[in-house]
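Let me begin by presenting the structure, written as structure tokens, before commenting on it.
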Amino acid sequence: MKPSTSLRTLQVCTALLGVVPLLTGLVGLAGLSDPIYADAHLPAHALLDGNLRFLSGVWLGLGAAVLWLVPRIASQTALFRILWGMIFLGGLGRLLSMLFAGWPPLPFVGFTLLELLGAPLFIVWQTRVARQVALGQA
């Protein structure tokens with residue numbers, strides 16, 4: 001893959017993945033009324049609802065930060081790593097939940113794999129692209 005193609009592909013993949021927390025963060029601001037939790041028929045609980053809304057706001061902010069980063073992807077290595085580090089830590093949280101509370105629906109197992117395996121791969125990819133851009137190869 002040519003360096004400029006790799007840069008553009010990284011930007012497109014990052015933008016597509018950045019839309020996910022943006023949209024799901026907005027939906028999650030509904031708290032226990034979020035369709036995922038509404039289907040679980042959980043009783044109303046102010047603490048759980050408030051935490052879900054708070055974490056959805058953080059998730060929404062992560063999506064906004066990822067989208068802000070896309071045009072600056074080759075020069076914002078530290079922020080890129082921090083954001084993917086946050087996603088990786090979220091994946092660890094999901095993995096702990098699987099170990100202690102049981103398996104979630106299958107799509108969430110896939111999300112966990114993306115978070116735990118994809119995060120390091122994206123960091124390596126961005127590091128390579130940033131190096132190519134710095135050397136004028138992109």
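Chain labels A, B, ... are given in the sequence in which chains occur in the structure tokens; within each chain residues are numbered consecutively from 1, and ligands are likewise numbered from 1 in the order shown.
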
Might you pull out every residue within 12 Å of Trp84 (chain A), with only C-alpha atoms counted and same-chain residues fewer than 5 positions away left off, and present them as a PyMOL selection string? chain A and resi 14+17-18+62-63+65-66+69+77-79+89-91+114-126

With C-alpha atoms retained, could you export that selection as a PDB file, in the first residue's frame?
ATOM      1  CA  THR A  14     -10.885   6.217  11.875  1.00  0.00           C
ATOM      2  CA  LEU A  17     -15.184   4.151  13.733  1.00  0.00           C
ATOM      3  CA  GLY A  18     -15.516   7.657  15.219  1.00  0.00           C
ATOM      4  CA  LEU A  62     -14.693  10.448  22.554  1.00  0.00           C
ATOM      5  CA  GLY A  63     -16.471  10.191  19.196  1.00  0.00           C
ATOM      6  CA  ALA A  65     -12.532  13.893  19.565  1.00  0.00           C
ATOM      7  CA  VAL A  66     -11.906  11.061  17.104  1.00  0.00           C
ATOM      8  CA  LEU A  69      -8.523  14.109  14.956  1.00  0.00           C
ATOM      9  CA  THR A  77       0.087  10.780  17.664  1.00  0.00           C
ATOM     10  CA  ALA A  78      -0.247  11.362  21.415  1.00  0.00           C
ATOM     11  CA  LEU A  79      -3.980  12.116  21.211  1.00  0.00           C
ATOM     12  CA  LEU A  89      -9.476   0.101  28.627  1.00  0.00           C
ATOM     13  CA  GLY A  90     -13.183  -0.016  27.809  1.00  0.00           C
ATOM     14  CA  GLY A  91     -12.575  -3.385  26.161  1.00  0.00           C
ATOM     15  CA  LEU A 114     -12.164  -4.672  18.210  1.00  0.00           C
ATOM     16  CA  GLU A 115     -11.360  -2.773  21.389  1.00  0.00           C
ATOM     17  CA  LEU A 116      -8.739  -5.217  22.653  1.00  0.00           C
ATOM     18  CA  LEU A 117      -7.137  -6.274  19.362  1.00  0.00           C
ATOM     19  CA  GLY A 118      -7.930  -3.326  17.113  1.00  0.00           C
ATOM     20  CA  ALA A 119      -6.601  -0.656  19.468  1.00  0.00           C
ATOM     21  CA  PRO A 120      -2.978  -1.849  19.361  1.00  0.00           C
ATOM     22  CA  LEU A 121      -3.200  -2.430  15.601  1.00  0.00           C
ATOM     23  CA  PHE A 122      -4.542   1.079  14.970  1.00  0.00           C
ATOM     24  CA  ILE A 123      -1.779   2.558  17.122  1.00  0.00           C
ATOM     25  CA  VAL A 124       0.894   0.696  15.147  1.00  0.00           C
ATOM     26  CA  TRP A 125      -0.740   1.753  11.866  1.00  0.00           C
ATOM     27  CA  GLN A 126      -0.897   5.423  12.863  1.00  0.00           C
TER      28      GLN A 126
END

Neighbouring residues of Arg94 (chain A) were defined as those with any atom within 9 Å, considering only C-alpha atoms; residues of the same chain fewer than 4 positions away were excluded. Please report them as a list in words.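 In the requested format, the answer is Leu89, Gly90, Met98, Leu99, Pro104, Phe108, Val109, Phe111 and Thr112 of chain A.
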
Give me the residues near Gly50 (chain A) as a PyMOL selection string, where near means some atom within 10 Å (using only C-alpha atoms) and where sequence neighbours in that chain fewer than 6 positions away do not count. chain A and resi 29-32+56

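Checking A:His45, A:Asn51, A:Gly61, A:Ile87 one by one against Thr24 (chain A), counting only C-alpha atoms, you find the shortest gap at A:Gly61.
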
If you count only C-alpha atoms, which residues fall within 8 Å of Gly28 (chain A), apart from same-chain ones fewer than 6 positions away, as number ranges by chain? A: 34, 52-53, 56-57

Report, in Å with one decimal, the straight-line distance from CA of Leu48 (chain A) to CA of Leu26 (chain A).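 CA of Leu26 (chain A) lies at a distance of 17.1 Å from CA of Leu48 (chain A).
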
Report the residues of chain A whose backbone DSSP state falls under alpha helix (DSSP H), written as number ranges by chain. A: 3-28, 35-38, 46-69, 77-101, 106-113, 119-134

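Distances to Ile36 (chain A) were evaluated for A:Ala15, A:Leu10, A:Leu96, A:Pro107 using only C-alpha atoms, and the minimum falls at A:Pro107.
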
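Distances from A:Asp39, A:Asp49, A:Ser97, A:Ala64 to Val19 (chain A) were compared using only C-alpha atoms, and the smallest one belongs to A:Ala64.
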
The residue from A:Leu7, A:Ala134, A:Leu22, A:Leu92 with the smallest atom-to-atom distance to Trp68 (chain A), counting only C-alpha atoms, is A:Leu22

Taking only C-alpha atoms into account, name the residue in A:Ile73, A:Leu83, A:Val12, A:Gly102 that is nearest to Arg131 (chain A). A:Ile73

Quick one, how far is CA of Ala40 (chain A) from CA of Pro21 (chain A)?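 Between CA of Ala40 (chain A) and CA of Pro21 (chain A) the gap works out to 21.0 Å.
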